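To start, the structure under review is shown below, and the notes come after it.
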Amino acid sequence: FSPLNRHIIQKGGGKGKSLGIVGFGGLGQMAVKLAKAMEVDTITILSRSDKKKDAAEKLGCKYINYSNEEELGNAGRTFDVVLDTVSAPHDVAKLISTLKVGGNWVLIGGVGQPFQISAFALLFSRHSIEGSLIGGVPETQEMLDFCAKHNVVPEFEVINAKDADKQFKAMMEGSSGADRKVIDMSTLK
């Protein structure tokens, strides 16, 4: 919510804005729902394969398989804001060209290793790269109020604790689906 609040709501709302979302797991799916409630005109999922394309299109999003060089090339200078929800190493430098001049790349997924970006990619296009967490107590309350008002809720599947390792591996491989997985604590033994 925090980066969408900063770059969409506080900048006049979603009309006329385009949003890219890298990764379509739990965070990506919630970003779609929040952006739709903010009336963002164009929402596009960027993912490394076509495995989640149907789920993204079901929510009314466009979809780019960024492993397909032609699809990625056609998306140059498309987005005002890109939310990067991926928490595994990935090539940010390859994707940043999808930002419009003056666009903002917002890291939400925590990746433990550094990535390289050419200074010229930032200088010539006035791109900004930033990170974002939840925004503090007042903004968290604002998010809860916004979600209640617009009926923004996550899609989730309750799983057995014994399946957590399998789900984690599927998430790292990009095959876990878009729904958030929640462990049934009563299955812990």
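Labeling convention for the structure tokens: chains A, B, ... as they appear, residues from 1 per chain, ligands from 1 in order of appearance.
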
| query | If you count only C-alpha atoms, which residues fall within 6 Å of Phe24 (chain A), apart from same-chain ones fewer than 4 positions away, as a ChimeraX atom specification? | reply | /A:28-29,178

I need the residues from that last selection saved to file as a PDB file, in the first residue's frame (with all heavy atoms), if you can.
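Just written: out_34.pdb:
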ATOM      1  N   GLY A  28       2.293  -9.445  -5.111  1.00  0.00           N
ATOM      2  CA  GLY A  28       1.890  -8.986  -6.432  1.00  0.00           C
ATOM      3  C   GLY A  28       0.386  -8.984  -6.605  1.00  0.00           C
ATOM      4  O   GLY A  28      -0.195  -8.045  -7.165  1.00  0.00           O
ATOM      5  N   GLN A  29      -0.246 -10.024  -6.110  1.00  0.00           N
ATOM      6  CA  GLN A  29      -1.702 -10.115  -6.216  1.00  0.00           C
ATOM      7  C   GLN A  29      -2.383  -9.001  -5.413  1.00  0.00           C
ATOM      8  O   GLN A  29      -3.339  -8.378  -5.891  1.00  0.00           O
ATOM      9  CB  GLN A  29      -2.177 -11.480  -5.735  1.00  0.00           C
ATOM     10  CG  GLN A  29      -3.643 -11.729  -6.002  1.00  0.00           C
ATOM     11  CD  GLN A  29      -4.071 -13.057  -5.455  1.00  0.00           C
ATOM     12  OE1 GLN A  29      -4.292 -13.168  -4.254  1.00  0.00           O
ATOM     13  NE2 GLN A  29      -4.164 -14.050  -6.309  1.00  0.00           N
ATOM     14  N   ALA A 178      -0.474 -17.739  -7.694  1.00  0.00           N
ATOM     15  CA  ALA A 178      -0.568 -16.362  -7.207  1.00  0.00           C
ATOM     16  C   ALA A 178      -1.169 -16.261  -5.810  1.00  0.00           C
ATOM     17  O   ALA A 178      -1.004 -15.249  -5.146  1.00  0.00           O
ATOM     18  CB  ALA A 178      -1.386 -15.530  -8.185  1.00  0.00           C
TER      19      ALA A 178
END

| Hey, what does DSSP flag as helix (DSSP H, G or I) within region 55-137 of chain A? Can you give it to me as a PyMOL selection string? | chain A and resi 55-58+69-74+92-98+119-125+136-137

Writing out the chosen residues with N, CA, C and O atoms as a compact mmCIF listing (two decimals), in the first residue's frame:
# COMPACT_ATOMS: atom_id res chain seq x y z
N ALA A 55 -4.04 -16.49 -14.40
CA ALA A 55 -4.46 -15.89 -13.12
C ALA A 55 -4.41 -14.36 -13.20
O ALA A 55 -5.30 -13.68 -12.69
N ALA A 56 -3.38 -13.82 -13.85
CA ALA A 56 -3.26 -12.36 -13.99
C ALA A 56 -4.37 -11.81 -14.88
O ALA A 56 -4.98 -10.80 -14.55
N GLU A 57 -4.62 -12.49 -15.98
CA GLU A 57 -5.67 -12.02 -16.89
C GLU A 57 -7.06 -12.13 -16.26
O GLU A 57 -7.92 -11.30 -16.53
N LYS A 58 -7.24 -13.11 -15.39
CA LYS A 58 -8.52 -13.25 -14.68
C LYS A 58 -8.79 -12.02 -13.80
O LYS A 58 -9.93 -11.64 -13.60
N GLU A 69 12.35 -11.95 -24.94
CA GLU A 69 12.99 -10.67 -25.27
C GLU A 69 12.08 -9.76 -26.10
O GLU A 69 12.10 -8.54 -25.93
N GLU A 70 11.29 -10.34 -26.99
CA GLU A 70 10.40 -9.52 -27.81
C GLU A 70 9.32 -8.86 -26.95
O GLU A 70 9.04 -7.67 -27.09
N GLU A 71 8.71 -9.64 -26.06
CA GLU A 71 7.68 -9.08 -25.17
C GLU A 71 8.27 -7.97 -24.32
O GLU A 71 7.67 -6.90 -24.15
N LEU A 72 9.45 -8.22 -23.76
CA LEU A 72 10.10 -7.22 -22.91
C LEU A 72 10.46 -5.98 -23.72
O LEU A 72 10.24 -4.85 -23.29
N GLY A 73 10.99 -6.18 -24.92
CA GLY A 73 11.36 -5.06 -25.78
C GLY A 73 10.17 -4.18 -26.14
O GLY A 73 10.28 -2.95 -26.21
N ASN A 74 9.01 -4.80 -26.34
CA ASN A 74 7.80 -4.04 -26.68
C ASN A 74 7.27 -3.24 -25.50
O ASN A 74 6.40 -2.39 -25.68
N VAL A 92 17.27 -6.92 -12.44
CA VAL A 92 16.56 -5.65 -12.41
C VAL A 92 17.01 -4.76 -13.58
O VAL A 92 16.19 -4.09 -14.21
N ALA A 93 18.30 -4.79 -13.90
CA ALA A 93 18.83 -3.95 -14.97
C ALA A 93 18.13 -4.23 -16.30
O ALA A 93 17.88 -3.32 -17.09
N LYS A 94 17.79 -5.47 -16.53
CA LYS A 94 17.11 -5.87 -17.76
C LYS A 94 15.68 -5.32 -17.82
O LYS A 94 15.15 -5.04 -18.89
N LEU A 95 15.06 -5.12 -16.66
CA LEU A 95 13.66 -4.73 -16.59
C LEU A 95 13.44 -3.23 -16.46
O LEU A 95 12.35 -2.73 -16.77
N ILE A 96 14.43 -2.50 -16.01
CA ILE A 96 14.23 -1.08 -15.68
C ILE A 96 13.88 -0.24 -16.92
O ILE A 96 13.27 0.83 -16.81
N SER A 97 14.19 -0.74 -18.09
CA SER A 97 13.86 -0.01 -19.33
C SER A 97 12.35 0.07 -19.56
O SER A 97 11.90 0.82 -20.43
N THR A 98 11.57 -0.67 -18.79
CA THR A 98 10.11 -0.61 -18.93
C THR A 98 9.53 0.66 -18.29
O THR A 98 8.35 0.96 -18.51
N ALA A 119 24.62 3.43 -14.36
CA ALA A 119 24.31 4.82 -14.00
C ALA A 119 23.65 5.55 -15.16
O ALA A 119 22.76 6.37 -14.98
N PHE A 120 24.06 5.21 -16.39
CA PHE A 120 23.49 5.89 -17.56
C PHE A 120 22.01 5.58 -17.74
O PHE A 120 21.25 6.43 -18.19
N ALA A 121 21.59 4.36 -17.37
CA ALA A 121 20.16 4.03 -17.45
C ALA A 121 19.35 4.95 -16.55
O ALA A 121 18.23 5.34 -16.87
N LEU A 122 19.92 5.31 -15.41
CA LEU A 122 19.24 6.21 -14.48
C LEU A 122 19.36 7.67 -14.92
O LEU A 122 18.38 8.42 -14.89
N LEU A 123 20.54 8.07 -15.34
CA LEU A 123 20.79 9.46 -15.72
C LEU A 123 19.96 9.90 -16.92
O LEU A 123 19.32 10.96 -16.89
N PHE A 124 19.97 9.11 -17.98
CA PHE A 124 19.30 9.53 -19.21
C PHE A 124 17.78 9.48 -19.11
O PHE A 124 17.08 10.16 -19.83
N SER A 125 17.27 8.67 -18.22
CA SER A 125 15.81 8.51 -18.13
C SER A 125 15.22 9.04 -16.83
O SER A 125 14.02 8.88 -16.60
N GLY A 136 4.57 2.52 8.54
CA GLY A 136 4.28 2.99 9.89
C GLY A 136 2.83 2.78 10.29
O GLY A 136 1.98 2.41 9.50
N VAL A 137 2.53 3.07 11.54
CA VAL A 137 1.20 2.82 12.12
C VAL A 137 0.10 3.66 11.46
O VAL A 137 -0.93 3.11 11.07

| message | Give me, as a VMD selection string, all polymer residues having an atom no more than 12 Å from Glu173 (chain A), counting only C-alpha atoms and skipping those fewer than 6 positions away in the same chain. | response | chain A and resid 23 25 47 to 49 51 86 to 89 166 to 167

| field | Expected answer as a PyMOL selection string: strand (DSSP E or B) residues in chain A | value | chain A and resi 18-22+42-47+62-65+79-84+99-107+128-131+156-159+180-183

For Glu155 (chain A), list every protein, DNA or RNA residue within 10 Å, evaluated using only C-alpha atoms, and leave out those in the same chain fewer than 5 positions away; present the list as an mmCIF file with all heavy atoms, in the first residue's frame.
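The file below, around-v5.cif, is the result:
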data_model
loop_
_atom_site.group_PDB
_atom_site.id
_atom_site.type_symbol
_atom_site.label_atom_id
_atom_site.label_comp_id
_atom_site.auth_asym_id
_atom_site.auth_seq_id
_atom_site.Cartn_x
_atom_site.Cartn_y
_atom_site.Cartn_z
ATOM 1 N N GLY A 26 1.802 -13.536 -3.530
ATOM 2 C CA GLY A 26 0.906 -12.860 -2.590
ATOM 3 C C GLY A 26 0.998 -11.343 -2.639
ATOM 4 O O GLY A 26 -0.010 -10.651 -2.706
ATOM 5 N N GLN A 29 -0.246 -10.024 -6.110
ATOM 6 C CA GLN A 29 -1.702 -10.115 -6.216
ATOM 7 C C GLN A 29 -2.383 -9.001 -5.413
ATOM 8 O O GLN A 29 -3.339 -8.378 -5.891
ATOM 9 C CB GLN A 29 -2.177 -11.480 -5.735
ATOM 10 C CG GLN A 29 -3.643 -11.729 -6.002
ATOM 11 C CD GLN A 29 -4.071 -13.057 -5.455
ATOM 12 O OE1 GLN A 29 -4.292 -13.168 -4.254
ATOM 13 N NE2 GLN A 29 -4.164 -14.050 -6.309
ATOM 14 N N MET A 30 -1.893 -8.724 -4.225
ATOM 15 C CA MET A 30 -2.460 -7.634 -3.432
ATOM 16 C C MET A 30 -2.192 -6.281 -4.095
ATOM 17 O O MET A 30 -3.045 -5.394 -4.063
ATOM 18 C CB MET A 30 -1.919 -7.648 -2.004
ATOM 19 C CG MET A 30 -2.525 -8.736 -1.134
ATOM 20 S SD MET A 30 -4.325 -8.631 -0.996
ATOM 21 C CE MET A 30 -4.526 -7.121 -0.058
ATOM 22 N N ALA A 178 -0.474 -17.739 -7.694
ATOM 23 C CA ALA A 178 -0.568 -16.362 -7.207
ATOM 24 C C ALA A 178 -1.169 -16.261 -5.810
ATOM 25 O O ALA A 178 -1.004 -15.249 -5.146
ATOM 26 C CB ALA A 178 -1.386 -15.530 -8.185
ATOM 27 N N ASP A 179 -1.885 -17.277 -5.357
ATOM 28 C CA ASP A 179 -2.522 -17.211 -4.046
ATOM 29 C C ASP A 179 -1.504 -17.325 -2.919
ATOM 30 O O ASP A 179 -0.532 -18.068 -3.004
ATOM 31 C CB ASP A 179 -3.550 -18.337 -3.874
ATOM 32 C CG ASP A 179 -4.730 -18.196 -4.808
ATOM 33 O OD1 ASP A 179 -4.846 -17.145 -5.462
ATOM 34 O OD2 ASP A 179 -5.521 -19.131 -4.885
ATOM 35 N N ARG A 180 -1.751 -16.567 -1.867
ATOM 36 C CA ARG A 180 -0.910 -16.640 -0.676
ATOM 37 C C ARG A 180 -1.192 -17.957 0.036
ATOM 38 O O ARG A 180 -2.336 -18.399 0.109
ATOM 39 C CB ARG A 180 -1.227 -15.455 0.242
ATOM 40 C CG ARG A 180 -0.361 -15.378 1.459
ATOM 41 C CD ARG A 180 -0.534 -14.067 2.167
ATOM 42 N NE ARG A 180 -0.075 -12.918 1.411
ATOM 43 C CZ ARG A 180 1.198 -12.530 1.336
ATOM 44 N NH1 ARG A 180 2.133 -13.216 1.936
ATOM 45 N NH2 ARG A 180 1.533 -11.461 0.644
ATOM 46 N N LYS A 181 -0.161 -18.578 0.556
ATOM 47 C CA LYS A 181 -0.303 -19.824 1.315
ATOM 48 C C LYS A 181 -0.208 -19.502 2.801
ATOM 49 O O LYS A 181 0.681 -18.770 3.232
ATOM 50 C CB LYS A 181 0.773 -20.828 0.951
ATOM 51 C CG LYS A 181 0.901 -21.122 -0.539
ATOM 52 C CD LYS A 181 -0.356 -21.689 -1.134
ATOM 53 C CE LYS A 181 -0.118 -22.136 -2.553
ATOM 54 N NZ LYS A 181 -0.949 -21.520 -3.542
#

| field | Option closest in space to Lys11 (chain A), from A:Val152, A:Val81, A:Leu133, A:Ala37 [counting only C-alpha atoms] | value |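 Of A:Val152, A:Val81, A:Leu133, A:Ala37, the one nearest Lys11 (chain A) is A:Val81, counting only C-alpha atoms.
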
| Test item: residues at most 7 Å from Ile45 (chain A), only C-alpha atoms, excluding those fewer than 4 positions along its chain, as an MDAnalysis selection string | chainID A and resid 20:24 56 61:64

Could you write out the selected residues, including C-alpha atoms, as a PDB file, in the first residue's frame?
ATOM      1  CA  GLY A  20       4.069  -2.702 -13.680  1.00  0.00           C
ATOM      2  CA  ILE A  21       4.277  -5.401 -11.036  1.00  0.00           C
ATOM      3  CA  VAL A  22       7.269  -7.736 -11.094  1.00  0.00           C
ATOM      4  CA  GLY A  23       6.220 -11.023  -9.514  1.00  0.00           C
ATOM      5  CA  PHE A  24       2.736 -12.358  -9.055  1.00  0.00           C
ATOM      6  CA  ALA A  56      -3.257 -12.365 -13.993  1.00  0.00           C
ATOM      7  CA  CYS A  61      -4.164  -7.420 -15.945  1.00  0.00           C
ATOM      8  CA  LYS A  62      -1.932  -7.383 -18.959  1.00  0.00           C
ATOM      9  CA  TYR A  63       0.963  -9.850 -18.803  1.00  0.00           C
ATOM     10  CA  ILE A  64       4.578  -9.807 -19.938  1.00  0.00           C
TER      11      ILE A  64
END

| For the atom pair CA of Leu188 (chain A) and CA of Asn160 (chain A), what is the interatomic distance in Å to one decimal place? | 8.0 Å

| task | Find the residue from A:Pro3, A:Gly102, A:Gly16, A:Gly177 that sits nearest to Gly135 (chain A); use only C-alpha atoms when measuring. | result |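 Ranking A:Pro3, A:Gly102, A:Gly16, A:Gly177 by distance to Gly135 (chain A), first place goes to A:Pro3.
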
| query | Out of A:Val111, A:Ala161, A:Ala35, A:Met171, which residue has the shortest atom-to-atom distance to Ile183 (chain A) when counting only C-alpha atoms? | reply |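 For Ile183 (chain A), the nearest of the candidates is A:Ala161.
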
| Selection: 12 Å around Ile9 (chain A), only C-alpha atoms, excl. self and same-chain fewer than 6 positions, as a list in words | Phe1, Ser2, Pro3, Lys15, Lys17, Leu34, Ala35, Lys36, Ala37, Met38, Glu39, Val40, Glu142, Met143 and Phe146 of chain A

| Could you state the separation of CA of Lys100 (chain A) and CA of Ile117 (chain A) in Å, given to one decimal place? |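 The value is 16.3 Å.
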
| Pick from A:Ser18, A:Val32, A:Lys53, A:Leu59: nearest to Ala75 (chain A), with only C-alpha atoms counted? |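 When distances to Ala75 (chain A) are compared using only C-alpha atoms, the smallest one comes from A:Ser18.
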
| query | Which one is closest to Pro154 (chain A): A:Ala31, A:Leu107, A:Gly14, A:Asn65? Count only C-alpha atoms. | reply | A:Ala31

| Quick one: distance from CA of Asp50 (chain A) to CA of Val158 (chain A) in Å, one decimal? |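 Here the two named atoms are 24.6 Å from each other.
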